[in-house]
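Undergrad: Quick one: structure below, then a few questions.
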Amino acid sequence: MIKTTHNLLEELSLVISQLSDEQYSSPCLELEGETIGRHVRHITDLFDCLIEQYESGCINYELRKRNTIAESSVTAARNSITNILQSIQKSEKPLRIDAGELSESQLQIDSSYQRELMYNIEHCIHHQALIKIGMRQFTHIQIPQNFGIAPSTVKFRLTQASSSS
């Protein structure tokens with residue numbers, strides 16, 4: 001899963017590197033006024049939570065830092081991605097997830113580092129799909145064919161294409 005994480009985040013970094021800070025931080029009609037930068041920042045915030053709270057053994061995604069500089073600066077976002085890539089390699093261990101605002105009581109759920117890494121990967125793919133929609137307005141941007149598409153969907157499409165041949 002580390003390799004998948006690297007691939008996804010490196011691809012994200014390459015895609016956003018084609019944008020100016022103004023394009024990156026401007027509201028997108030297709031995203032109901034949200035910006036590409038906010039989606040990127042949201043992705044990196046959750047990965048940062050997992051990395052920063054790993055040692056404590058308890059992860060609370062509600063306590064993310066919300067790095068607003070990464071919302072408006074492509075360079076800051078890419079630096080955040082680089083930091084994640086340098087820190088994501090961790091040993092498997094049990095974790096507790098604090099449900100925080102999602103629960104009426106202090107609910108904690110058993111998890112593990114690999115499970116949370118998988119959650120962050122799926123979360124990243126979901127937001128990449130939204131980012132791709134927001135980037136349609138920029139005709140000069142090169143977006144990889146499978147950007148924002150789950151690997152299982154890519155695999156399924158390949159099997160469908162080969163069976164119809």
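Labels for the structure tokens follow display order: chains A, B, ..., residues from 1 in each chain, ligands from 1.
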Can you check which parts of region 108-159 of chain A lie within 9 Å of region 83-97 of chain A? Per residue, the shortest pair of atoms and distance in Å to one decimal, counting only C-alpha atoms, sorted by chain and number, as a tab-separated table.

TA:
residue	atom	partner	partner_atom	distance
A:Gln108	CA	A:Ile97	CA	5.3
A:Ile109	CA	A:Ile97	CA	5.0
A:Asp110	CA	A:Arg96	CA	4.8
A:Ser111	CA	A:Leu95	CA	5.0
A:Ser112	CA	A:Pro94	CA	4.3
A:Tyr113	CA	A:Glu92	CA	5.3
A:Gln114	CA	A:Glu92	CA	6.3
A:Glu116	CA	A:Leu95	CA	8.6
A:Leu117	CA	A:Ile88	CA	8.8

Undergrad: For the residues selected in the previous step, produce a file with N, CA and C atoms as an mmCIF file, in the first residue's frame.

TA:
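Output file part-v4.cif is given in full below:
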data_model
loop_
_atom_site.group_PDB
_atom_site.id
_atom_site.type_symbol
_atom_site.label_atom_id
_atom_site.label_comp_id
_atom_site.auth_asym_id
_atom_site.auth_seq_id
_atom_site.Cartn_x
_atom_site.Cartn_y
_atom_site.Cartn_z
ATOM 1 N N GLN A 108 -14.675 4.873 20.127
ATOM 2 C CA GLN A 108 -13.402 4.548 19.514
ATOM 3 C C GLN A 108 -13.532 3.200 18.815
ATOM 4 N N ILE A 109 -12.932 3.105 17.646
ATOM 5 C CA ILE A 109 -13.041 1.917 16.809
ATOM 6 C C ILE A 109 -11.655 1.320 16.621
ATOM 7 N N ASP A 110 -11.560 0.001 16.728
ATOM 8 C CA ASP A 110 -10.289 -0.677 16.481
ATOM 9 C C ASP A 110 -9.957 -0.612 15.000
ATOM 10 N N SER A 111 -8.687 -0.387 14.717
ATOM 11 C CA SER A 111 -8.223 -0.363 13.338
ATOM 12 C C SER A 111 -6.753 -0.766 13.335
ATOM 13 N N SER A 112 -6.088 -0.480 12.243
ATOM 14 C CA SER A 112 -4.659 -0.766 12.125
ATOM 15 C C SER A 112 -4.054 0.244 11.160
ATOM 16 N N TYR A 113 -2.736 0.297 11.138
ATOM 17 C CA TYR A 113 -2.079 1.245 10.254
ATOM 18 C C TYR A 113 -2.426 0.951 8.792
ATOM 19 N N GLN A 114 -2.363 -0.311 8.400
ATOM 20 C CA GLN A 114 -2.669 -0.658 7.009
ATOM 21 C C GLN A 114 -4.113 -0.323 6.656
ATOM 22 N N GLU A 116 -5.969 2.032 7.946
ATOM 23 C CA GLU A 116 -6.087 3.492 7.834
ATOM 24 C C GLU A 116 -5.379 4.020 6.600
ATOM 25 N N LEU A 117 -4.300 3.368 6.218
ATOM 26 C CA LEU A 117 -3.638 3.740 4.972
ATOM 27 C C LEU A 117 -4.568 3.469 3.796
#

Undergrad: Please provide the set of residues having any atom within 8 Å of Ile16 (chain A), restricted to only C-alpha atoms, with same-chain residues fewer than 4 positions apart removed, written as JSON, numbers by chain.

TA: {"A": [12, 24, 74]}

Undergrad: I'd like to know which residues of region 107-144 of chain A are strand (DSSP E) (by DSSP, run on the backbone); could you write them as a short mmCIF file (atom, residue, chain, number, x, y, z; two decimals) with C-alpha atoms, in the first residue's frame?

TA:
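What follows is the written file selection37.cif:
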data_model
loop_
_atom_site.label_atom_id
_atom_site.label_comp_id
_atom_site.auth_asym_id
_atom_site.auth_seq_id
_atom_site.Cartn_x
_atom_site.Cartn_y
_atom_site.Cartn_z
CA GLN A 108 -13.40 4.55 19.51
CA ILE A 109 -13.04 1.92 16.81
CA ASP A 110 -10.29 -0.68 16.48
CA SER A 111 -8.22 -0.36 13.34
CA SER A 112 -4.66 -0.77 12.12
#

Undergrad: Within 10 Å of region 35-49 of chain A, counting only C-alpha atoms, which residues show up once you throw out same-chain ones fewer than 6 positions away? Write them as an mmCIF file with N, CA and C atoms, in the first residue's frame, please.

TA:
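Output saved as selection.cif:
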data_model
loop_
_atom_site.group_PDB
_atom_site.id
_atom_site.type_symbol
_atom_site.label_atom_id
_atom_site.label_comp_id
_atom_site.auth_asym_id
_atom_site.auth_seq_id
_atom_site.Cartn_x
_atom_site.Cartn_y
_atom_site.Cartn_z
ATOM 1 N N THR A 5 0.231 4.464 -2.381
ATOM 2 C CA THR A 5 0.195 5.821 -1.829
ATOM 3 C C THR A 5 1.170 6.726 -2.572
ATOM 4 N N LEU A 9 -0.027 10.011 -4.776
ATOM 5 C CA LEU A 9 0.382 11.358 -4.365
ATOM 6 C C LEU A 9 1.369 11.982 -5.345
ATOM 7 N N LEU A 12 -0.770 13.177 -8.147
ATOM 8 C CA LEU A 12 -1.453 14.400 -7.728
ATOM 9 C C LEU A 12 -0.511 15.590 -7.799
ATOM 10 N N SER A 13 0.698 15.423 -7.323
ATOM 11 C CA SER A 13 1.681 16.495 -7.344
ATOM 12 C C SER A 13 1.981 16.944 -8.778
ATOM 13 N N ILE A 16 -1.164 18.937 -10.206
ATOM 14 C CA ILE A 16 -1.330 20.309 -9.710
ATOM 15 C C ILE A 16 -0.156 21.210 -10.088
ATOM 16 N N LEU A 19 -0.733 23.926 -12.692
ATOM 17 C CA LEU A 19 -1.627 25.048 -12.404
ATOM 18 C C LEU A 19 -0.862 26.226 -11.829
ATOM 19 N N ASP A 21 -1.006 29.385 -9.099
ATOM 20 C CA ASP A 21 -1.642 29.510 -7.785
ATOM 21 C C ASP A 21 -3.061 30.059 -7.925
ATOM 22 N N GLU A 22 -3.264 30.953 -8.882
ATOM 23 C CA GLU A 22 -4.598 31.527 -9.086
ATOM 24 C C GLU A 22 -5.588 30.460 -9.545
ATOM 25 N N GLN A 23 -5.201 29.633 -10.502
ATOM 26 C CA GLN A 23 -6.076 28.554 -10.966
ATOM 27 C C GLN A 23 -6.348 27.556 -9.840
ATOM 28 N N TYR A 24 -5.316 27.264 -9.084
ATOM 29 C CA TYR A 24 -5.390 26.289 -8.005
ATOM 30 C C TYR A 24 -6.339 26.734 -6.884
ATOM 31 N N SER A 25 -6.388 28.027 -6.649
ATOM 32 C CA SER A 25 -7.163 28.537 -5.506
ATOM 33 C C SER A 25 -8.447 29.266 -5.896
ATOM 34 N N SER A 26 -8.792 29.254 -7.166
ATOM 35 C CA SER A 26 -10.020 29.918 -7.614
ATOM 36 C C SER A 26 -11.217 28.985 -7.481
ATOM 37 N N PRO A 27 -12.364 29.518 -7.055
ATOM 38 C CA PRO A 27 -13.574 28.687 -6.963
ATOM 39 C C PRO A 27 -13.953 28.108 -8.329
ATOM 40 N N CYS A 28 -14.358 26.855 -8.323
ATOM 41 C CA CYS A 28 -14.764 26.165 -9.548
ATOM 42 C C CYS A 28 -16.275 25.997 -9.553
ATOM 43 N N LEU A 29 -16.904 26.429 -10.609
ATOM 44 C CA LEU A 29 -18.341 26.260 -10.758
ATOM 45 C C LEU A 29 -18.721 24.783 -10.663
ATOM 46 N N ILE A 59 -5.996 7.748 16.449
ATOM 47 C CA ILE A 59 -6.130 8.696 15.341
ATOM 48 C C ILE A 59 -7.492 9.366 15.430
ATOM 49 N N ASN A 60 -7.489 10.682 15.368
ATOM 50 C CA ASN A 60 -8.732 11.452 15.328
ATOM 51 C C ASN A 60 -8.622 12.399 14.137
ATOM 52 N N TYR A 61 -9.291 12.047 13.056
ATOM 53 C CA TYR A 61 -9.214 12.847 11.832
ATOM 54 C C TYR A 61 -9.862 14.224 11.994
ATOM 55 N N GLU A 62 -10.682 14.382 13.021
ATOM 56 C CA GLU A 62 -11.287 15.693 13.287
ATOM 57 C C GLU A 62 -10.243 16.696 13.783
ATOM 58 N N LEU A 63 -9.108 16.214 14.256
ATOM 59 C CA LEU A 63 -8.059 17.091 14.785
ATOM 60 C C LEU A 63 -7.029 17.476 13.728
ATOM 61 N N ARG A 64 -7.416 17.379 12.473
ATOM 62 C CA ARG A 64 -6.473 17.750 11.415
ATOM 63 C C ARG A 64 -6.169 19.244 11.477
ATOM 64 N N LYS A 65 -5.004 19.603 10.991
ATOM 65 C CA LYS A 65 -4.524 20.984 11.121
ATOM 66 C C LYS A 65 -5.152 21.952 10.125
ATOM 67 N N ARG A 66 -5.690 21.442 9.057
ATOM 68 C CA ARG A 66 -6.269 22.285 7.999
ATOM 69 C C ARG A 66 -5.255 23.333 7.534
ATOM 70 N N ASN A 67 -4.245 22.835 6.873
ATOM 71 C CA ASN A 67 -3.124 23.640 6.385
ATOM 72 C C ASN A 67 -3.591 24.569 5.260
ATOM 73 N N THR A 68 -4.121 25.730 5.618
ATOM 74 C CA THR A 68 -4.719 26.634 4.635
ATOM 75 C C THR A 68 -3.710 27.177 3.622
ATOM 76 N N ILE A 69 -2.433 27.197 3.970
ATOM 77 C CA ILE A 69 -1.423 27.640 2.997
ATOM 78 C C ILE A 69 -1.404 26.685 1.807
ATOM 79 N N ALA A 70 -1.604 25.395 2.078
ATOM 80 C CA ALA A 70 -1.623 24.398 1.004
ATOM 81 C C ALA A 70 -2.862 24.506 0.128
ATOM 82 N N GLU A 71 -3.852 25.296 0.544
ATOM 83 C CA GLU A 71 -5.045 25.536 -0.276
ATOM 84 C C GLU A 71 -4.789 26.557 -1.374
ATOM 85 N N SER A 72 -3.859 27.455 -1.137
ATOM 86 C CA SER A 72 -3.667 28.572 -2.067
ATOM 87 C C SER A 72 -2.335 28.551 -2.797
ATOM 88 N N SER A 73 -1.426 27.715 -2.376
ATOM 89 C CA SER A 73 -0.100 27.661 -2.980
ATOM 90 C C SER A 73 0.203 26.257 -3.486
ATOM 91 N N VAL A 74 0.429 26.153 -4.783
ATOM 92 C CA VAL A 74 0.787 24.863 -5.370
ATOM 93 C C VAL A 74 2.101 24.372 -4.762
ATOM 94 N N ALA A 76 3.362 25.001 -1.772
ATOM 95 C CA ALA A 76 3.123 24.525 -0.404
ATOM 96 C C ALA A 76 2.439 23.165 -0.421
ATOM 97 N N ALA A 77 1.492 22.971 -1.323
ATOM 98 C CA ALA A 77 0.801 21.682 -1.425
ATOM 99 C C ALA A 77 1.775 20.584 -1.853
ATOM 100 N N ARG A 78 2.605 20.889 -2.813
ATOM 101 C CA ARG A 78 3.582 19.897 -3.277
ATOM 102 C C ARG A 78 4.600 19.584 -2.185
ATOM 103 N N SER A 80 3.938 19.672 1.007
ATOM 104 C CA SER A 80 3.186 18.829 1.939
ATOM 105 C C SER A 80 3.146 17.385 1.441
ATOM 106 N N ILE A 81 2.914 17.201 0.159
ATOM 107 C CA ILE A 81 2.908 15.868 -0.439
ATOM 108 C C ILE A 81 4.277 15.202 -0.277
ATOM 109 N N ASN A 83 6.511 15.778 2.023
ATOM 110 C CA ASN A 83 6.678 15.420 3.429
ATOM 111 C C ASN A 83 5.927 14.133 3.775
ATOM 112 N N ILE A 84 4.731 13.989 3.233
ATOM 113 C CA ILE A 84 3.960 12.766 3.467
ATOM 114 C C ILE A 84 4.710 11.568 2.887
ATOM 115 N N LEU A 85 5.186 11.707 1.659
ATOM 116 C CA LEU A 85 5.879 10.601 1.006
ATOM 117 C C LEU A 85 7.136 10.185 1.767
ATOM 118 N N SER A 87 7.405 10.312 5.008
ATOM 119 C CA SER A 87 7.043 9.881 6.359
ATOM 120 C C SER A 87 6.041 8.737 6.410
ATOM 121 N N ILE A 88 5.515 8.303 5.291
ATOM 122 C CA ILE A 88 4.388 7.374 5.275
ATOM 123 C C ILE A 88 4.773 5.931 5.611
ATOM 124 N N GLU A 116 -5.969 2.032 7.946
ATOM 125 C CA GLU A 116 -6.087 3.492 7.834
ATOM 126 C C GLU A 116 -5.379 4.020 6.600
ATOM 127 N N LEU A 117 -4.300 3.368 6.218
ATOM 128 C CA LEU A 117 -3.638 3.740 4.972
ATOM 129 C C LEU A 117 -4.568 3.469 3.796
ATOM 130 N N TYR A 119 -7.844 3.442 3.921
ATOM 131 C CA TYR A 119 -8.879 4.483 3.987
ATOM 132 C C TYR A 119 -8.385 5.768 3.326
ATOM 133 N N ASN A 120 -7.159 6.173 3.636
ATOM 134 C CA ASN A 120 -6.615 7.398 3.061
ATOM 135 C C ASN A 120 -6.423 7.282 1.555
ATOM 136 N N ILE A 121 -6.051 6.109 1.083
ATOM 137 C CA ILE A 121 -5.910 5.885 -0.361
ATOM 138 C C ILE A 121 -7.265 6.053 -1.044
ATOM 139 N N HIS A 123 -9.883 7.619 0.053
ATOM 140 C CA HIS A 123 -10.277 9.014 0.226
ATOM 141 C C HIS A 123 -9.565 9.895 -0.811
ATOM 142 N N CYS A 124 -8.288 9.631 -1.009
ATOM 143 C CA CYS A 124 -7.504 10.385 -1.992
ATOM 144 C C CYS A 124 -8.070 10.202 -3.399
ATOM 145 N N ILE A 125 -8.367 8.962 -3.776
ATOM 146 C CA ILE A 125 -8.920 8.683 -5.111
ATOM 147 C C ILE A 125 -10.239 9.422 -5.300
ATOM 148 N N HIS A 126 -11.082 9.397 -4.289
ATOM 149 C CA HIS A 126 -12.370 10.095 -4.352
ATOM 150 C C HIS A 126 -12.164 11.595 -4.612
ATOM 151 N N HIS A 127 -11.260 12.210 -3.893
ATOM 152 C CA HIS A 127 -11.023 13.648 -4.094
ATOM 153 C C HIS A 127 -10.293 13.928 -5.409
ATOM 154 N N GLN A 128 -9.470 13.003 -5.859
ATOM 155 C CA GLN A 128 -8.846 13.179 -7.174
ATOM 156 C C GLN A 128 -9.905 13.197 -8.268
ATOM 157 N N LEU A 130 -12.897 14.362 -7.970
ATOM 158 C CA LEU A 130 -13.484 15.707 -7.914
ATOM 159 C C LEU A 130 -12.529 16.742 -8.505
ATOM 160 N N ILE A 131 -11.250 16.609 -8.198
ATOM 161 C CA ILE A 131 -10.242 17.523 -8.746
ATOM 162 C C ILE A 131 -10.247 17.454 -10.272
ATOM 163 N N LYS A 132 -10.356 16.230 -10.808
ATOM 164 C CA LYS A 132 -10.387 16.069 -12.271
ATOM 165 C C LYS A 132 -11.571 16.832 -12.874
ATOM 166 N N ILE A 133 -12.718 16.771 -12.215
ATOM 167 C CA ILE A 133 -13.895 17.509 -12.689
ATOM 168 C C ILE A 133 -13.606 19.008 -12.673
ATOM 169 N N GLY A 134 -13.012 19.490 -11.598
ATOM 170 C CA GLY A 134 -12.689 20.913 -11.496
ATOM 171 C C GLY A 134 -11.669 21.374 -12.522
ATOM 172 N N MET A 135 -10.818 20.468 -12.960
ATOM 173 C CA MET A 135 -9.758 20.832 -13.905
ATOM 174 C C MET A 135 -10.210 20.823 -15.360
#

Undergrad: Among region 8-162 of chain A, which ones does DSSP assign to helix (DSSP H, G or I) (computed from the backbone)? Answer as a ChimeraX atom specification.

TA: /A:8-16,21-25,29-31,36-56,61-63,69-72,74-87,100-102,113-137,151-162

Undergrad: Rank nothing, just name the residue among A:Val15, A:Leu158, A:Ala150, A:Cys58 nearest to Met118 (chain A), using only C-alpha atoms.

TA: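 Once distances to Met118 (chain A) are computed over only C-alpha atoms, the minimum belongs to A:Ala150.
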
Undergrad: So how far away is CA of Thr75 (chain A) from CA of Ser17 (chain A), in Å?

TA: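 Between CA of Ser17 (chain A) and CA of Thr75 (chain A) the gap works out to 7.9 Å.
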